[in-house]
Amino acid sequence: MSSILLHEDSQVIVFDKPSGLAVQGGGGVEQSLDDLLVAFAKSNGKRPRLVHRLDRGTSGVIIVARTKPAAAFLSKEFSSRRARKTYVAVVEGKIPDGDEGVFDQPLVKVEEGGRPRMLIAKPDRKGKLSAATAWRVVSRTGNHAVLELSPETGRMHQIRAHLMGAGCPILGDHLYGTGQRSADRLMLHAQSLEITHPDGERRTFSAPVPSEFERVATRLGLALEYGT
């Protein structure tokens, strides 16, 4: 666990979750981050609480609460959209023409093959959910690019669905893209989280881009930092 630990104090723990580790248990999940939190349980047996999620294939920053008051505080940070999450993704397809913008198409939740997913909602579709994702091109070459993404809302699979709808799905995305034909993992990384700590201080926690992420970007001739 120490290898994925980014920060720990009396109220919160921050991890750099690896791709492939589920946040919670469920069907077909042998081990999850939630299971591992037992190692951080207090003497009374109470373990830290999850307050937000990352998809199983997504790597990067995730914060958990060590106490019930901290969990309530952080949950409100996320629900009120005061937490700012920044992701980086390697995508392929029709790369946006501009340097930055916002995907603001509403999404709708559907079931396909027993798996939930989000799709761009048609104008007359019921059950539409507003969704907005700010994007910026970090580097591009041909039909590939590295994008920096900041979701302004927190819908399930929001970034993945918006990129599929834009015609440039994330490499390695089995549900919204081409899967392992393009990469061995989902090329989406939660790079930083800016949030108010329960102590009242605004803080930013960051996780370095994984080595396998760098290798794919390098193979495609893409830079992971703007202007390099």
# chains A, B, ... in the order shown; residues from 1 in each chain; ligands from 1
>>> residues_around(residues="Gly127 in chain A", least_positions_apart="6", cutoff="12 Å", atoms="only C-alpha atoms", output="ChimeraX atom specification")
/A:106-110,118-121
>>> closest_atom_pairs(of="range 30-79 of chain A", to="range 192-212 of chain A", cutoff="9 Å", atoms="only C-alpha atoms", output="CSV")
residue,atom,partner,partner_atom,distance
A:Ser59,CA,A:Pro210,CA,8.1
A:Gly60,CA,A:Ala207,CA,5.7
A:Val61,CA,A:Ala207,CA,5.9
A:Ile62,CA,A:Leu193,CA,7.9
A:Ile63,CA,A:Leu193,CA,8.6
A:Pro69,CA,A:Pro198,CA,8.3
A:Ala70,CA,A:Pro198,CA,5.8
A:Ala71,CA,A:Pro198,CA,8.8
A:Phe73,CA,A:Pro198,CA,6.2
A:Leu74,CA,A:Pro198,CA,7.1
A:Glu77,CA,A:Ile195,CA,7.2
A:Phe78,CA,A:Ile195,CA,8.6
>>> residues_around(residues="Ala132 in chain A", least_positions_apart="2", cutoff="9 Å", atoms="only C-alpha atoms", output="PyMOL selection string")
chain A and resi 102-106+130+134+150-154+158-159+162
>>> select_by_dssp(residues="range 15-205 of chain A", states="strand (DSSP E)", output="JSON, numbers by chain")
{"A": [15, 16, 17, 49, 50, 59, 60, 61, 62, 63, 64, 65, 84, 85, 86, 87, 88, 89, 90, 91, 92, 100, 101, 102, 103, 107, 108, 109, 110, 111, 112, 115, 116, 117, 118, 119, 120, 133, 134, 135, 136, 137, 138, 139, 140, 141, 144, 145, 146, 147, 148, 149, 150, 151, 188, 189, 190, 191, 192, 193, 194, 195, 196, 202, 203, 204, 205]}
>>> closest_residue(among="A:Gln191, A:Thr67, A:Asn143, A:Ser79", to="Leu220 in chain A", atoms="only C-alpha atoms")
A:Asn143
>>> atom_distance(atom1="CA of Gly172 in chain A", atom2="CA of Arg185 in chain A")
5.1 Å
>>> residues_around(residues="Trp135 in chain A", least_positions_apart="6", cutoff="6 Å", atoms="only C-alpha atoms", output="CSV table (one decimal) with N, CA, C and O atoms, in the first residue's frame")
chain,number,residue,atom,x,y,z
A,100,GLU,N,-8.5,24.4,-27.3
A,100,GLU,CA,-9.3,24.2,-26.1
A,100,GLU,C,-10.8,24.4,-26.3
A,100,GLU,O,-11.2,25.1,-27.3
A,101,GLY,N,-11.6,24.0,-25.4
A,101,GLY,CA,-13.0,24.1,-25.5
A,101,GLY,C,-13.7,23.4,-24.4
A,101,GLY,O,-13.1,22.9,-23.4
A,102,VAL,N,-15.0,23.2,-24.6
A,102,VAL,CA,-15.8,22.5,-23.6
A,102,VAL,C,-16.8,21.5,-24.4
A,102,VAL,O,-17.5,22.0,-25.3
A,148,GLU,N,-5.8,17.3,-22.0
A,148,GLU,CA,-6.0,17.6,-20.6
A,148,GLU,C,-7.5,17.9,-20.4
A,148,GLU,O,-8.1,18.6,-21.2
A,149,LEU,N,-8.1,17.2,-19.5
A,149,LEU,CA,-9.6,17.3,-19.3
A,149,LEU,C,-10.0,17.6,-17.9
A,149,LEU,O,-9.4,17.0,-16.9
>>> residues_around(residues="Val64 in chain A", least_positions_apart="2", cutoff="9 Å", atoms="only C-alpha atoms", output="list in words")
Gln11, Val12, Ile13, Val14, Phe15, Pro48, Arg49, Leu50, Val51, His52, Ile62, Arg66, Ala70, Ala71 and Leu74 of chain A
>>> select_by_dssp(residues="range 2-190 of chain A", states="helix (DSSP H, G or I)", output="compact mmCIF listing (two decimals) with C-alpha atoms, in the first residue's frame")
# COMPACT_ATOMS: atom_id res chain seq x y z
CA SER A 2 2.88 2.38 0.70
CA SER A 3 3.79 2.34 -2.99
CA ILE A 4 0.48 4.00 -3.94
CA LEU A 33 -9.21 -0.23 -2.99
CA ASP A 34 -12.04 -0.40 -0.47
CA ASP A 35 -10.78 -3.82 0.64
CA LEU A 36 -7.26 -2.48 1.09
CA LEU A 37 -8.46 0.31 3.36
CA VAL A 38 -8.72 -2.19 6.21
CA ALA A 39 -4.96 -1.66 6.65
CA PHE A 40 -5.75 1.94 7.68
CA LYS A 68 -17.19 10.47 9.47
CA PRO A 69 -17.04 14.31 9.68
CA ALA A 70 -14.27 14.37 7.07
CA ALA A 71 -16.34 12.10 4.80
CA ALA A 72 -19.34 14.44 5.07
CA PHE A 73 -17.15 17.47 4.35
CA LEU A 74 -15.44 15.94 1.31
CA SER A 75 -18.67 14.51 -0.08
CA LYS A 76 -20.11 18.04 -0.02
CA GLU A 77 -17.00 19.33 -1.83
CA PHE A 78 -17.69 16.91 -4.67
CA SER A 79 -21.47 17.30 -4.78
CA GLN A 158 -18.51 11.36 -18.50
CA ILE A 159 -15.07 11.95 -20.01
CA ARG A 160 -15.11 8.65 -21.89
CA ALA A 161 -18.60 9.25 -23.32
CA HIS A 162 -17.84 12.84 -24.34
CA LEU A 163 -14.67 11.81 -26.16
CA MET A 164 -16.45 8.99 -27.95
CA GLY A 165 -19.17 11.44 -28.97
CA ALA A 166 -16.52 13.84 -30.28
CA GLY A 179 -9.92 -1.64 -26.51
CA GLN A 180 -6.60 -3.51 -26.49
CA ARG A 181 -6.08 -3.05 -30.20
>>> residues_around(residues="Thr178 in chain A", least_positions_apart="5", cutoff="12 Å", atoms="only C-alpha atoms", output="PDB file with C-alpha atoms, in the first residue's frame")
ATOM      1  CA  VAL A  91      -7.035   9.696 -27.719  1.00  0.00           C
ATOM      2  CA  GLU A  92      -7.328   8.699 -31.360  1.00  0.00           C
ATOM      3  CA  GLY A  93      -9.645   9.646 -34.190  1.00  0.00           C
ATOM      4  CA  MET A 164     -16.451   8.988 -27.951  1.00  0.00           C
ATOM      5  CA  GLY A 167     -15.072  11.105 -32.472  1.00  0.00           C
ATOM      6  CA  CYS A 168     -11.808  10.683 -30.553  1.00  0.00           C
ATOM      7  CA  PRO A 169     -12.239   7.920 -27.960  1.00  0.00           C
ATOM      8  CA  ILE A 170      -9.567   7.105 -25.396  1.00  0.00           C
ATOM      9  CA  LEU A 171      -7.017   4.485 -26.373  1.00  0.00           C
ATOM     10  CA  GLY A 172      -7.562   1.166 -24.606  1.00  0.00           C
ATOM     11  CA  ASP A 173     -11.234   1.858 -23.861  1.00  0.00           C
ATOM     12  CA  ALA A 183      -3.326   0.068 -25.794  1.00  0.00           C
ATOM     13  CA  ASP A 184      -3.026  -2.472 -22.989  1.00  0.00           C
ATOM     14  CA  ARG A 185      -4.880  -0.215 -20.545  1.00  0.00           C
ATOM     15  CA  LEU A 186      -7.362   2.632 -20.510  1.00  0.00           C
ATOM     16  CA  MET A 187      -5.231   5.665 -21.305  1.00  0.00           C
TER      17      MET A 187
END
>>> closest_residue(among="A:Arg84, A:Leu5, A:His157, A:Ser10", to="Asp55 in chain A", atoms="only C-alpha atoms")
A:His157
>>> decode(residues="range 121-213 of chain A", atoms="C-alpha atoms", output="CSV table (one decimal), in the first residue's frame")
chain,number,residue,atom,x,y,z
A,121,ALA,CA,-28.5,12.1,-25.5
A,122,LYS,CA,-30.7,12.9,-28.5
A,123,PRO,CA,-32.7,16.2,-28.2
A,124,ASP,CA,-36.0,14.5,-27.4
A,125,ARG,CA,-34.5,11.7,-25.2
A,126,LYS,CA,-36.0,11.5,-21.7
A,127,GLY,CA,-33.7,11.1,-18.7
A,128,LYS,CA,-31.0,13.4,-20.0
A,129,LEU,CA,-28.2,14.4,-17.6
A,130,SER,CA,-26.4,17.7,-18.1
A,131,ALA,CA,-22.6,17.2,-18.5
A,132,ALA,CA,-19.7,19.5,-19.3
A,133,THR,CA,-16.0,18.6,-19.8
A,134,ALA,CA,-13.4,21.3,-20.4
A,135,TRP,CA,-10.6,20.1,-22.7
A,136,ARG,CA,-7.2,21.4,-23.9
A,137,VAL,CA,-4.9,19.9,-26.5
A,138,VAL,CA,-1.5,19.2,-24.9
A,139,SER,CA,0.0,17.7,-28.1
A,140,ARG,CA,-1.1,16.2,-31.3
A,141,THR,CA,0.2,14.2,-34.2
A,142,GLY,CA,-1.9,12.9,-37.1
A,143,ASN,CA,-5.1,11.3,-35.6
A,144,HIS,CA,-3.7,11.0,-32.0
A,145,ALA,CA,-3.5,13.5,-29.2
A,146,VAL,CA,-2.9,14.0,-25.6
A,147,LEU,CA,-5.7,16.0,-24.0
A,148,GLU,CA,-6.0,17.6,-20.6
A,149,LEU,CA,-9.6,17.3,-19.3
A,150,SER,CA,-11.5,18.9,-16.4
A,151,PRO,CA,-15.0,17.6,-15.8
A,152,GLU,CA,-17.3,20.4,-14.6
A,153,THR,CA,-19.9,17.8,-13.7
A,154,GLY,CA,-19.4,14.3,-12.3
A,155,ARG,CA,-21.4,11.9,-14.4
A,156,MET,CA,-20.5,8.2,-14.7
A,157,HIS,CA,-18.1,7.7,-17.6
A,158,GLN,CA,-18.5,11.4,-18.5
A,159,ILE,CA,-15.1,11.9,-20.0
A,160,ARG,CA,-15.1,8.6,-21.9
A,161,ALA,CA,-18.6,9.2,-23.3
A,162,HIS,CA,-17.8,12.8,-24.3
A,163,LEU,CA,-14.7,11.8,-26.2
A,164,MET,CA,-16.5,9.0,-28.0
A,165,GLY,CA,-19.2,11.4,-29.0
A,166,ALA,CA,-16.5,13.8,-30.3
A,167,GLY,CA,-15.1,11.1,-32.5
A,168,CYS,CA,-11.8,10.7,-30.6
A,169,PRO,CA,-12.2,7.9,-28.0
A,170,ILE,CA,-9.6,7.1,-25.4
A,171,LEU,CA,-7.0,4.5,-26.4
A,172,GLY,CA,-7.6,1.2,-24.6
A,173,ASP,CA,-11.2,1.9,-23.9
A,174,HIS,CA,-13.2,-1.4,-24.3
A,175,LEU,CA,-16.6,0.2,-23.7
A,176,TYR,CA,-16.2,3.5,-25.6
A,177,GLY,CA,-13.4,2.8,-28.0
A,178,THR,CA,-11.1,0.2,-29.6
A,179,GLY,CA,-9.9,-1.6,-26.5
A,180,GLN,CA,-6.6,-3.5,-26.5
A,181,ARG,CA,-6.1,-3.1,-30.2
A,182,SER,CA,-4.7,0.4,-29.3
A,183,ALA,CA,-3.3,0.1,-25.8
A,184,ASP,CA,-3.0,-2.5,-23.0
A,185,ARG,CA,-4.9,-0.2,-20.5
A,186,LEU,CA,-7.4,2.6,-20.5
A,187,MET,CA,-5.2,5.7,-21.3
A,188,LEU,CA,-6.9,8.0,-18.8
A,189,HIS,CA,-5.1,9.3,-15.7
A,190,ALA,CA,-6.4,11.4,-12.9
A,191,GLN,CA,-3.5,13.7,-12.7
A,192,SER,CA,-4.5,16.1,-10.0
A,193,LEU,CA,-7.3,17.0,-7.5
A,194,GLU,CA,-7.7,20.4,-6.1
A,195,ILE,CA,-10.0,20.4,-3.0
A,196,THR,CA,-10.6,22.1,0.3
A,197,HIS,CA,-9.2,19.9,3.1
A,198,PRO,CA,-11.5,19.4,6.1
A,199,ASP,CA,-9.1,21.6,8.0
A,200,GLY,CA,-10.2,24.5,5.7
A,201,GLU,CA,-7.1,24.8,3.6
A,202,ARG,CA,-7.3,24.6,-0.2
A,203,ARG,CA,-4.9,21.8,-1.4
A,204,THR,CA,-3.8,20.2,-4.6
A,205,PHE,CA,-2.8,16.5,-4.7
A,206,SER,CA,-1.0,15.2,-7.9
A,207,ALA,CA,0.0,11.8,-9.2
A,208,PRO,CA,2.7,11.4,-11.8
A,209,VAL,CA,1.8,9.9,-15.2
A,210,PRO,CA,2.5,6.1,-15.1
A,211,SER,CA,5.5,4.7,-17.0
A,212,GLU,CA,3.2,2.7,-19.3
A,213,PHE,CA,1.3,5.8,-20.1
